[in-house]
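Taking it in order: structure first as structure tokens, then the write-up.
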Amino acid sequence: MTEETRGIGRLLLSPAVGLLFVWMIVPLAMTIYFSTLHYNLLNPGMEQFVGLDNYIYFLTDPAFLASLYNTLVLVGSVLVITIALGTLIALLLDQVVVGRSIVRLMVIAPFFVMPTVSALVWKNLLMHPVSGLLAYIAESVGLAPIDWFAEMPLLAVILIVAWQWLPFATLILLTALQSLDEEQKEAAEMDGASALSSFVYVTLPHLARPITVVILIETIFLLTVFAEIFVTTGGGPGLATTNIAFLIYSQALIQYDVGSASAGGMVAVVIANILAFFLVRIVGRNLEA
Amino acid sequence: MKHRLSALAGALSLFAAIPAFAQTTTLTIATVNNSDMIRMQGLTSAFTAKNPDIAVKWVTLEENVLRQRVTTDIATKGGQFDILTIGTYEVPIWAKQNWLVALDKLPAAYDVGDLLPKIRDAVSAGGKLYAAPFYGESSMMMYRTDLFQKAGLTMPEAPTWDFVVDAAKKLTDKTAGVYGICLRGKAGWGENMAFLTAMSNSFGARWFDEKWQPQFNTPEWKKTLTTYLDVMKAAGPPGASSNGFNENLALFNAGKCAMWIDATVAASMVTNPKDSKVADKVGFALAPNTGLGKNANWLWAWSLAIPAGSKKVDAAEKFIAWATSKDYTQLVAGKEGWANVPPGTRTSLYQNAEYQKAAPFAKLTLASIDSADPNHPTVKPVPYVGVQYAAIPEFQGLGTTVGQQFSAALAGTTTADAALAAAQSSTEREMKRAGYIK
Amino acid sequence: MARRVTPARLAINTVAAWIVGFLIFFPILWMVLASFKTELEAFAVPPSFLFFRWTLENYATVQSRSDYLLHAINSIAIAGGSTLIAMLIAIPAAWSMSFAPSKRTKDILLWMLSTKMMPPVGVLVPIYLLYRTFGMLDTLGGLILVLCLGNLPIVVWMLFTYFKEIPKDILEAARMDGATVGRELIYVLTPMAVPGIASTLLLNVILAWNEAFWTLNLSTSAAAPLTVFIASYSSPEGLFWAKLSAASTMAIAPILVLGWFSQRQLVRGLTFGAVK
């Protein structure tokens, strides 16, 4: 690679890096500043410097550990579901199928709907134990309907979020599959490889990088899921569906405690960074050339 | 390519904030998306016809989202809204902050004295009106007259909790999909806690004592919670722990609840044949009591207020005076019938014979509103105002946390005692941090 | 060069794909059906699939109550504008990181992603204050800015992934034929990356379209997109599911159109084998 190329490379990269840097640094600085204040939105003008008190308060909140656990479970489960199913569906849609464009649109459709609307549809029209469709189906076959949001609230939320993000994973993986060289696959077949080993040894390595990207992008979004929780369970019952984002939300917009919410936001950033560090350790090799 | 250009052109044209006519004042009104407000939105042309120099823009949002949006804006002096729709919870707090313009220059025809006294108290501070009530509500008992008749029971006008619990158990028929009682269970300070706080008032409990010490460790609160859990377990519908007002409304309208205690505004919804299967089979009574002098009902009013520092006070006052006036009530009655006028604010409405005829629930709504006193909500003395809340800024967070615990108890994932203990400790922690408890 | 597909294989694939597609699509179908029911029907048990009294009253209500067109235009401007600007910034950046990588490339990529780690609600007050100070509240420009910079890391990442798939030899061949970097970008890279660019465009337009936190908080009436339109039908006191379904169906419509038309671009692009 020539020096010229490298120079041009830096030039082309600078707008993106520059803009994001400013975008990051200004709110970040303000957030750090606010996190050291006792600043309640309903009592503005009464802020006082309290140092690390907000952090201590946030971290010693009995809800904190539970919300950390819920966050990790939520993110992990949705990742597993969307990537596993996404890969399978992408493989299916990569085949020749009659009316493939329509099916593709159907599979991507959940991503079109606003998360709050999806959550409301799932909660009231599908999962409601008295008048939801799932309850009706269960009763028709003689089973007792499940009270999703009372018995398995986190699972219910996971299902809703996974349904919303499945199209994202599927589309990225499907597009990546499109660039898989047909010849390689045919060569493997002619060498006598079975469909399964062709998948494992030819397709999967090719998908390694897209899967990594899906993992990283989805993790970033899933860590801050809260609209679905807000609309369905309000963080309950108890703390069963409170994740860190919801905890911060309840600080910021229910208690109007900006100081604590800012501290919580910083804590969330630290946790996300730790998580990313481990993720990159595990799958980061796939990002190389 | 083409649509991008036109979108860009459209975008550029919206960057420039040039008013079309220099004389027109535009009012941006933030309001809740409840049907009475939607109706008001639909009747805007009646206002603008009389006031051609005022244009009106609407922002309608769900209650919680609206509250956050409006609070963020007013606290940061964002100036995005000219008229706010706020509740009786916000009025005392915001008036104290001097965030609201006092509405003492309303025209005489507005007849401030006509406002129901309890409602007027709830939206005033220091004797001045800080928000004009648009509609007021309390809560009451709604029950199925046909089911009661079939079981040979009669609902008294002021039932006791014992009677209600007993009747609920008798009327439950799970195989037929009928549940004795439907009550709120969804976690939230304005959701299940509104109901449970009001219920606790009737059991003689209170949120805080005079020294702001939380009272969840008292026998009164224990009795409240165990009664609630007991009746919901025996006679409540499944999924109750995530049922709020709307879910219960849908259940009641579909004929699945024998009794429902909730907002008085529901009365017009359950008796509307278009939306309800049981429209002609509904009876009303006061919210239950235990003989201690307080019923399990609450008091709330959605009101229109003007943020302090607004440059459009005159225009805003004109609109507010119009929307909460007697004339407006007549307007709605003419267009959509008396049953649909905004309830619960004016004495004259409840003396109107036509209204009484069209709204069989009017008498009990008035009785409910009158029996809830925000300045003395509980049997024992308390340092706060508010019937189903304490009008302190911290209450939203406290109420939501406690609401989550009680919702968990209803879902069965925790016991009543554990929930009460958790409520006590979290509230204490928060009150200490906020400086109420020294 | 397509492999011969047996009719049996085709049939199995088709049936399987349609079943999967239908299952995934079902909740949306249910929502669209609900938009044609009365409020009472929408919540009724047993639920009716096709044989109910179809009505357009919900659409009529939504249409008369809110200004769909204004919100739709705002949504198109915001989602389209922010994504396109992000693409303009990101394509060169992604090119640079895939074809002229340095030691720092992976770090920069991860740093870009880290700008999205802060939950938006934690940074609401600072951003609101900033926007208030600069008079950007309730402006299309303000919303485009926040969504563009919010999605920029995602766009860069996705493009980076797809660019990495493109064999370097083709680009080098073009370079040896005397093309400059600029021409290489426009005439060689972009056509080959069309499926990748199309799917990045589609996904990010959708992300911006559905972004409900900043659009709700930073807009009031003039710049309010469809997310605000939908929010006004969500959870009032009273039955609302049929109306919300109608509003939501109206809100998805432009995206469905976009998705349908980008189908052609999403399919298999140029076959790389032919180059060899």
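Residues in the structure tokens are named by chain (A, B, ... in the order shown) and by number from 1 within that chain; ligands are numbered from 1 in the order shown.
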field: Shell of 8 Å around segment 168-174 of chain A, only C-alpha atoms, local chain residues under 6 positions omitted, as a list of chain:residue names
entry: A:Thr82, A:Ile83, A:Leu85, A:Gly86, A:Thr87, A:Ile89, A:Ala90, A:Leu91, A:Leu93, A:Asp94, A:Ile108, A:Phe111, A:Leu207, A:Pro210, A:Ile211, A:Val214, C:Ser199, C:Leu203
Store the residues of this selection in a file with N, CA and C atoms, as an mmCIF file, in the first residue's frame.
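Listed below is the output, out.cif:
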```
data_model
loop_
_atom_site.group_PDB
_atom_site.id
_atom_site.type_symbol
_atom_site.label_atom_id
_atom_site.label_comp_id
_atom_site.auth_asym_id
_atom_site.auth_seq_id
_atom_site.Cartn_x
_atom_site.Cartn_y
_atom_site.Cartn_z
ATOM 1 N N THR A 82 -31.177 -14.323 17.886
ATOM 2 C CA THR A 82 -31.191 -13.668 16.582
ATOM 3 C C THR A 82 -30.107 -14.205 15.665
ATOM 4 N N ILE A 83 -28.927 -14.509 16.213
ATOM 5 C CA ILE A 83 -27.875 -14.975 15.325
ATOM 6 C C ILE A 83 -28.113 -16.402 14.873
ATOM 7 N N LEU A 85 -31.049 -18.119 14.726
ATOM 8 C CA LEU A 85 -32.173 -18.140 13.788
ATOM 9 C C LEU A 85 -31.864 -17.335 12.533
ATOM 10 N N GLY A 86 -31.156 -16.212 12.730
ATOM 11 C CA GLY A 86 -30.840 -15.371 11.587
ATOM 12 C C GLY A 86 -30.005 -16.107 10.554
ATOM 13 N N THR A 87 -29.028 -16.856 11.037
ATOM 14 C CA THR A 87 -28.199 -17.615 10.102
ATOM 15 C C THR A 87 -29.030 -18.636 9.346
ATOM 16 N N ILE A 89 -32.265 -18.693 8.781
ATOM 17 C CA ILE A 89 -33.204 -18.088 7.836
ATOM 18 C C ILE A 89 -32.459 -17.507 6.640
ATOM 19 N N ALA A 90 -31.286 -16.918 6.893
ATOM 20 C CA ALA A 90 -30.511 -16.370 5.782
ATOM 21 C C ALA A 90 -30.146 -17.486 4.807
ATOM 22 N N LEU A 91 -29.742 -18.623 5.362
ATOM 23 C CA LEU A 91 -29.420 -19.745 4.488
ATOM 24 C C LEU A 91 -30.634 -20.151 3.665
ATOM 25 N N LEU A 93 -33.213 -18.324 2.825
ATOM 26 C CA LEU A 93 -33.584 -17.330 1.823
ATOM 27 C C LEU A 93 -32.542 -17.189 0.727
ATOM 28 N N ASP A 94 -31.366 -17.765 0.963
ATOM 29 C CA ASP A 94 -30.349 -17.713 -0.068
ATOM 30 C C ASP A 94 -30.657 -18.711 -1.170
ATOM 31 N N ILE A 108 -38.234 -9.295 6.974
ATOM 32 C CA ILE A 108 -37.655 -8.037 7.448
ATOM 33 C C ILE A 108 -38.699 -7.171 8.151
ATOM 34 N N PHE A 111 -38.847 -5.347 11.708
ATOM 35 C CA PHE A 111 -37.942 -4.235 11.970
ATOM 36 C C PHE A 111 -38.577 -2.906 11.599
ATOM 37 N N LEU A 207 -18.975 -16.238 6.992
ATOM 38 C CA LEU A 207 -19.910 -15.420 7.765
ATOM 39 C C LEU A 207 -19.311 -14.911 9.068
ATOM 40 N N PRO A 210 -19.342 -10.926 9.303
ATOM 41 C CA PRO A 210 -20.679 -10.356 9.493
ATOM 42 C C PRO A 210 -21.298 -10.721 10.836
ATOM 43 N N ILE A 211 -21.097 -11.955 11.265
ATOM 44 C CA ILE A 211 -21.661 -12.331 12.560
ATOM 45 C C ILE A 211 -21.043 -11.489 13.661
ATOM 46 N N VAL A 214 -22.656 -8.165 13.573
ATOM 47 C CA VAL A 214 -24.013 -8.225 14.117
ATOM 48 C C VAL A 214 -23.952 -8.270 15.640
ATOM 49 N N SER C 199 -28.390 -2.585 1.546
ATOM 50 C CA SER C 199 -28.898 -3.096 2.819
ATOM 51 C C SER C 199 -28.521 -2.164 3.966
ATOM 52 N N LEU C 203 -31.473 -0.591 6.287
ATOM 53 C CA LEU C 203 -31.508 -0.804 7.730
ATOM 54 C C LEU C 203 -31.366 0.499 8.495
#
```
message: Report as an NGL selection string all protein, DNA and RNA residues lying within 9 Å of segment 26-32 of chain B, evaluated on only C-alpha atoms, omitting residues in the same chain fewer than 2 positions from it.
response: (:B and (24 or 34-35 or 37-38 or 53-64 or 66-67 or 70 or 80-86 or 302 or 304 or 312 or 315-316 or 319)) or (:C and (220-221 or 232 or 236))
field: Polymer residues at most 9 Å from Thr200 of chain C, only C-alpha atoms, same-chain spacing of 3 or more positions, as a PyMOL selection string
entry: (chain A and resi 172) or (chain C and resi 87+154-155+158-159+195-197+203-205)
- request: Give me the residues within 10 Å of Val146 of chain C as an NGL selection string, counting only C-alpha atoms and dropping any in the same chain fewer than 2 places off.
  value: (:A and (23)) or (:C and (78 or 82 or 127 or 141-144 or 148-152 or 208 or 214-215 or 218))
message: For a quick test of understanding: name the residues of chain B lying within 9 Å of chain A when counting only C-alpha atoms, and present them as number ranges by chain.
response: B: 67-69, 71-72, 75-76, 93-94, 97, 177, 186-188, 237-242, 247, 251, 393-398, 400-414, 419, 426, 433
- line: Atom pair atom CA of Arg144 of chain B + atom CA of Leu126 of chain A, distance 27.3 Å
All helix (DSSP H, G or I) residues (DSSP, backbone) inside segment 175-312 of chain B, as an MDAnalysis selection string: chainID B and resid 175:176 192:202 219:235 240:242 245:253 266:270 279:281
Residues from last step as file, N, CA and C atoms, as a tab-separated table (two decimals), in the first residue's frame:
```tsv
chain	number	residue	atom	x	y	z
B	175	THR	N	-64.86	-20.75	34.89
B	175	THR	CA	-65.14	-21.52	33.68
B	175	THR	C	-65.91	-20.70	32.68
B	176	ALA	N	-66.75	-19.81	33.18
B	176	ALA	CA	-67.49	-18.94	32.26
B	176	ALA	C	-66.70	-17.70	31.90
B	192	ASN	N	-50.93	1.15	39.49
B	192	ASN	CA	-51.48	0.41	40.63
B	192	ASN	C	-51.39	1.21	41.91
B	193	MET	N	-50.36	2.09	42.02
B	193	MET	CA	-50.22	2.80	43.28
B	193	MET	C	-51.29	3.86	43.48
B	194	ALA	N	-51.82	4.39	42.39
B	194	ALA	CA	-52.93	5.34	42.57
B	194	ALA	C	-54.07	4.62	43.27
B	195	PHE	N	-54.38	3.43	42.78
B	195	PHE	CA	-55.46	2.69	43.38
B	195	PHE	C	-55.12	2.26	44.80
B	196	LEU	N	-53.92	1.69	44.98
B	196	LEU	CA	-53.59	1.14	46.29
B	196	LEU	C	-53.45	2.23	47.35
B	197	THR	N	-52.92	3.38	46.94
B	197	THR	CA	-52.82	4.47	47.92
B	197	THR	C	-54.20	4.90	48.36
B	198	ALA	N	-55.10	5.06	47.38
B	198	ALA	CA	-56.47	5.46	47.73
B	198	ALA	C	-57.11	4.38	48.60
B	199	MET	N	-56.86	3.12	48.26
B	199	MET	CA	-57.42	2.03	49.06
B	199	MET	C	-56.87	2.08	50.48
B	200	SER	N	-55.57	2.40	50.57
B	200	SER	CA	-54.98	2.42	51.90
B	200	SER	C	-55.59	3.53	52.75
B	201	ASN	N	-55.99	4.62	52.11
B	201	ASN	CA	-56.64	5.70	52.87
B	201	ASN	C	-57.89	5.17	53.57
B	202	SER	N	-58.62	4.30	52.86
B	202	SER	CA	-59.86	3.81	53.46
B	202	SER	C	-59.60	2.83	54.59
B	219	PRO	N	-49.73	-1.88	60.65
B	219	PRO	CA	-50.76	-2.88	60.40
B	219	PRO	C	-51.78	-2.43	59.37
B	220	GLU	N	-52.01	-1.09	59.26
B	220	GLU	CA	-53.00	-0.63	58.30
B	220	GLU	C	-52.58	-0.95	56.86
B	221	TRP	N	-51.31	-0.69	56.57
B	221	TRP	CA	-50.84	-1.01	55.22
B	221	TRP	C	-50.85	-2.52	54.98
B	222	LYS	N	-50.51	-3.27	56.02
B	222	LYS	CA	-50.52	-4.72	55.84
B	222	LYS	C	-51.93	-5.18	55.53
B	223	LYS	N	-52.91	-4.63	56.24
B	223	LYS	CA	-54.28	-5.04	55.99
B	223	LYS	C	-54.69	-4.68	54.57
B	224	THR	N	-54.28	-3.46	54.12
B	224	THR	CA	-54.61	-3.04	52.77
B	224	THR	C	-54.08	-4.03	51.74
B	225	LEU	N	-52.78	-4.29	51.84
B	225	LEU	CA	-52.16	-5.14	50.83
B	225	LEU	C	-52.70	-6.56	50.86
B	226	THR	N	-52.89	-7.11	52.06
B	226	THR	CA	-53.37	-8.49	52.11
B	226	THR	C	-54.80	-8.59	51.62
B	227	THR	N	-55.62	-7.59	51.89
B	227	THR	CA	-56.99	-7.64	51.36
B	227	THR	C	-56.95	-7.62	49.84
B	228	TYR	N	-56.15	-6.74	49.29
B	228	TYR	CA	-56.01	-6.61	47.85
B	228	TYR	C	-55.55	-7.92	47.23
B	229	LEU	N	-54.48	-8.49	47.78
B	229	LEU	CA	-53.95	-9.72	47.22
B	229	LEU	C	-54.96	-10.86	47.36
B	230	ASP	N	-55.61	-10.90	48.50
B	230	ASP	CA	-56.56	-11.98	48.75
B	230	ASP	C	-57.70	-11.95	47.73
B	231	VAL	N	-58.29	-10.78	47.53
B	231	VAL	CA	-59.44	-10.73	46.63
B	231	VAL	C	-59.00	-10.93	45.18
B	232	MET	N	-57.79	-10.44	44.83
B	232	MET	CA	-57.34	-10.63	43.46
B	232	MET	C	-57.00	-12.08	43.17
B	233	LYS	N	-56.48	-12.77	44.18
B	233	LYS	CA	-56.13	-14.17	43.98
B	233	LYS	C	-57.39	-15.00	43.79
B	234	ALA	N	-58.39	-14.70	44.63
B	234	ALA	CA	-59.59	-15.52	44.57
B	234	ALA	C	-60.51	-15.12	43.43
B	235	ALA	N	-60.54	-13.83	43.12
B	235	ALA	CA	-61.58	-13.36	42.20
B	235	ALA	C	-61.08	-12.50	41.07
B	240	ALA	N	-53.38	-10.09	35.88
B	240	ALA	CA	-53.72	-8.84	36.57
B	240	ALA	C	-52.51	-7.98	36.85
B	241	SER	N	-51.35	-8.61	37.05
B	241	SER	CA	-50.19	-7.80	37.44
B	241	SER	C	-49.68	-6.92	36.32
B	242	SER	N	-50.19	-7.08	35.11
B	242	SER	CA	-49.82	-6.11	34.08
B	242	SER	C	-51.04	-5.40	33.52
B	245	PHE	N	-55.43	0.62	33.52
B	245	PHE	CA	-56.79	1.09	33.25
B	245	PHE	C	-57.35	0.50	31.96
B	246	ASN	N	-56.56	0.60	30.90
B	246	ASN	CA	-57.09	0.17	29.60
B	246	ASN	C	-57.38	-1.31	29.52
B	247	GLU	N	-56.50	-2.10	30.10
B	247	GLU	CA	-56.73	-3.54	30.04
B	247	GLU	C	-58.00	-3.90	30.81
B	248	ASN	N	-58.18	-3.28	31.98
B	248	ASN	CA	-59.39	-3.57	32.75
B	248	ASN	C	-60.64	-3.06	32.05
B	249	LEU	N	-60.51	-1.91	31.39
B	249	LEU	CA	-61.65	-1.38	30.64
B	249	LEU	C	-62.06	-2.38	29.56
B	250	ALA	N	-61.06	-2.88	28.85
B	250	ALA	CA	-61.37	-3.83	27.79
B	250	ALA	C	-62.02	-5.08	28.36
B	251	LEU	N	-61.52	-5.54	29.51
B	251	LEU	CA	-62.10	-6.73	30.13
B	251	LEU	C	-63.54	-6.47	30.55
B	252	PHE	N	-63.76	-5.32	31.19
B	252	PHE	CA	-65.11	-5.02	31.66
B	252	PHE	C	-66.07	-4.90	30.49
B	253	ASN	N	-65.61	-4.18	29.46
B	253	ASN	CA	-66.49	-4.01	28.30
B	253	ASN	C	-66.80	-5.31	27.59
B	266	ALA	N	-64.31	6.41	33.41
B	266	ALA	CA	-64.61	5.13	32.76
B	266	ALA	C	-66.11	4.94	32.63
B	267	ALA	N	-66.86	5.64	33.47
B	267	ALA	CA	-68.30	5.44	33.48
B	267	ALA	C	-68.90	5.68	32.10
B	268	SER	N	-68.45	6.76	31.43
B	268	SER	CA	-69.03	7.03	30.12
B	268	SER	C	-68.57	6.00	29.09
B	269	MET	N	-67.41	5.38	29.35
B	269	MET	CA	-66.91	4.40	28.38
B	269	MET	C	-67.61	3.06	28.52
B	270	VAL	N	-67.94	2.68	29.76
B	270	VAL	CA	-68.56	1.37	29.91
B	270	VAL	C	-70.05	1.41	29.58
B	279	ALA	N	-73.17	-2.35	28.00
B	279	ALA	CA	-73.48	-0.93	28.22
B	279	ALA	C	-74.72	-0.68	29.06
B	280	ASP	N	-75.74	-1.51	28.93
B	280	ASP	CA	-76.97	-1.23	29.65
B	280	ASP	C	-77.08	-2.01	30.95
B	281	LYS	N	-75.99	-2.64	31.38
B	281	LYS	CA	-76.07	-3.47	32.57
B	281	LYS	C	-75.13	-2.99	33.67
```
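Checking C:Leu145, C:Ser248, C:Lys168, C:Met192 one by one against Leu84 of chain C, counting only C-alpha atoms, you find the shortest gap at C:Leu145.
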- request: Pick out the residues sitting within 10 Å of Lys170 of chain B, and hand them over as a PyMOL selection string; count only C-alpha atoms, and ignore anything fewer than 6 positions along from it in its own chain.
  value: chain B and resi 148+151+153+164+179-180+234-235
Resulting file, chosen residues, N, CA and C atoms, as a tab-separated table (two decimals), in the first residue's frame:
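What landed in part-v3.tsv:
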```
chain	number	residue	atom	x	y	z
B	148	PHE	N	-75.26	-9.20	39.61
B	148	PHE	CA	-75.65	-9.05	41.01
B	148	PHE	C	-77.06	-9.56	41.23
B	151	ALA	N	-77.25	-13.29	41.30
B	151	ALA	CA	-76.73	-13.90	42.53
B	151	ALA	C	-77.51	-13.47	43.75
B	153	LEU	N	-77.68	-10.46	45.03
B	153	LEU	CA	-76.97	-9.50	45.87
B	153	LEU	C	-77.40	-8.08	45.51
B	164	VAL	N	-67.57	-6.11	49.51
B	164	VAL	CA	-67.02	-6.21	48.15
B	164	VAL	C	-66.23	-7.50	48.00
B	179	TYR	N	-64.92	-12.83	36.17
B	179	TYR	CA	-64.13	-12.65	37.38
B	179	TYR	C	-64.81	-11.67	38.29
B	180	GLY	N	-64.78	-11.97	39.57
B	180	GLY	CA	-65.53	-11.18	40.54
B	180	GLY	C	-65.14	-9.72	40.54
B	234	ALA	N	-58.39	-14.70	44.63
B	234	ALA	CA	-59.59	-15.52	44.57
B	234	ALA	C	-60.51	-15.12	43.43
B	235	ALA	N	-60.54	-13.83	43.12
B	235	ALA	CA	-61.58	-13.36	42.20
B	235	ALA	C	-61.08	-12.50	41.07
```
Sorted per-residue table, chain C near chain B, closest atoms and distance, 7 Å, only C-alpha atoms, as JSON lines:
```
{"residue": "C:Glu39", "atom": "CA", "partner": "B:Asp275", "partner_atom": "CA", "distance": 6.7}
{"residue": "C:Leu40", "atom": "CA", "partner": "B:Asp275", "partner_atom": "CA", "distance": 5.5}
{"residue": "C:Phe43", "atom": "CA", "partner": "B:Ala250", "partner_atom": "CA", "distance": 6.9}
{"residue": "C:Ala77", "atom": "CA", "partner": "B:Ala7", "partner_atom": "CA", "distance": 5.3}
{"residue": "C:Leu129", "atom": "CA", "partner": "B:Thr76", "partner_atom": "CA", "distance": 6.7}
{"residue": "C:Arg132", "atom": "CA", "partner": "B:Gly78", "partner_atom": "CA", "distance": 5.8}
{"residue": "C:Thr139", "atom": "CA", "partner": "B:Phe15", "partner_atom": "CA", "distance": 6.3}
{"residue": "C:Leu140", "atom": "CA", "partner": "B:Ala11", "partner_atom": "CA", "distance": 6.3}
{"residue": "C:Gly141", "atom": "CA", "partner": "B:Phe15", "partner_atom": "CA", "distance": 6.9}
{"residue": "C:Asn217", "atom": "CA", "partner": "B:Arg69", "partner_atom": "CA", "distance": 6.2}
{"residue": "C:Thr220", "atom": "CA", "partner": "B:Val59", "partner_atom": "CA", "distance": 6.6}
{"residue": "C:Ser221", "atom": "CA", "partner": "B:Val59", "partner_atom": "CA", "distance": 6.4}
{"residue": "C:Ala231", "atom": "CA", "partner": "B:Leu61", "partner_atom": "CA", "distance": 5.8}
{"residue": "C:Ser232", "atom": "CA", "partner": "B:Leu61", "partner_atom": "CA", "distance": 4.4}
{"residue": "C:Tyr233", "atom": "CA", "partner": "B:Asn33", "partner_atom": "CA", "distance": 7.0}
{"residue": "C:Ser234", "atom": "CA", "partner": "B:Glu62", "partner_atom": "CA", "distance": 6.2}
{"residue": "C:Ser235", "atom": "CA", "partner": "B:Glu62", "partner_atom": "CA", "distance": 5.8}
{"residue": "C:Pro236", "atom": "CA", "partner": "B:Asn34", "partner_atom": "CA", "distance": 5.0}
{"residue": "C:Glu237", "atom": "CA", "partner": "B:Asn34", "partner_atom": "CA", "distance": 5.4}
{"residue": "C:Gly238", "atom": "CA", "partner": "B:Asn246", "partner_atom": "CA", "distance": 5.7}
{"residue": "C:Leu239", "atom": "CA", "partner": "B:Asn246", "partner_atom": "CA", "distance": 6.4}
```
Take the residues from that selection and write them out as an mmCIF file, in the first residue's frame, keeping C-alpha atoms.
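Ended up saving to out.cif:
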```cif
data_model
loop_
_atom_site.group_PDB
_atom_site.id
_atom_site.type_symbol
_atom_site.label_atom_id
_atom_site.label_comp_id
_atom_site.auth_asym_id
_atom_site.auth_seq_id
_atom_site.Cartn_x
_atom_site.Cartn_y
_atom_site.Cartn_z
ATOM 1 C CA GLU C 39 -62.222 -1.308 19.016
ATOM 2 C CA LEU C 40 -64.494 -3.868 20.580
ATOM 3 C CA PHE C 43 -59.908 -7.121 21.846
ATOM 4 C CA ALA C 77 -36.708 14.160 5.494
ATOM 5 C CA LEU C 129 -29.835 22.201 27.087
ATOM 6 C CA ARG C 132 -32.137 24.950 23.550
ATOM 7 C CA THR C 139 -36.126 21.866 13.835
ATOM 8 C CA LEU C 140 -35.561 19.311 11.110
ATOM 9 C CA GLY C 141 -31.884 20.215 11.070
ATOM 10 C CA ASN C 217 -37.974 14.745 22.999
ATOM 11 C CA THR C 220 -42.735 19.515 19.201
ATOM 12 C CA SER C 221 -44.954 20.162 16.215
ATOM 13 C CA ALA C 231 -47.142 8.226 20.176
ATOM 14 C CA SER C 232 -50.299 10.275 20.203
ATOM 15 C CA TYR C 233 -52.326 7.102 19.656
ATOM 16 C CA SER C 234 -50.496 5.062 22.206
ATOM 17 C CA SER C 235 -52.039 4.224 25.576
ATOM 18 C CA PRO C 236 -54.597 6.937 26.151
ATOM 19 C CA GLU C 237 -57.359 6.267 28.622
ATOM 20 C CA GLY C 238 -59.771 4.196 26.658
ATOM 21 C CA LEU C 239 -59.720 1.518 23.976
#
```
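Atom CA of Gln263 of chain C is found 17.9 Å from atom CA of Thr14 of chain C.
Between atom CA of Ser35 of chain C and atom CA of Met114 of chain A the separation is 15.6 Å.
Every protein, DNA or RNA residue with an atom at most 9 Å from Ser66 of chain C, where only C-alpha atoms count and chain neighbours fewer than 5 positions away do not, is listed here: Thr61, His71, Phe229 and Ser232 of chain C.
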Keeping C-alpha atoms for every residue in the selection just given, could you write it to a file as a CSV table (one decimal), in the first residue's frame?
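Result file follows (out-v5.csv):
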```csv
chain,number,residue,atom,x,y,z
C,61,THR,CA,-60.3,8.9,12.7
C,71,HIS,CA,-45.4,13.8,9.9
C,229,PHE,CA,-47.8,10.7,15.3
C,232,SER,CA,-50.3,10.3,20.2
```
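The closest residue to Glu218 of chain A, picked from C:Leu109, C:Leu69, C:Ala251, C:Met117 and counting only C-alpha atoms, is C:Met117.
Near segment 178-189 of chain A, within a cut-off of 7 Å and counting only C-alpha atoms, sit the residues Leu174, Thr175, Ala176, Asp191, Gly192, Ala193, Ser194, Ser198 and Val202 of chain A; Arg268 and Gly273 of chain C, with same-chain residues fewer than 2 positions away left out.
Minimum atom-to-atom distance to chain A, evaluated using only C-alpha atoms, belongs to C:Trp260 out of C:Tyr187, C:Trp260, C:Tyr128, C:Phe49.
Closest approach to Trp30 of chain C among C:Ala223, C:Ile206, C:Ala42, C:Ala94 is made by C:Ala42 (distances from only C-alpha atoms).
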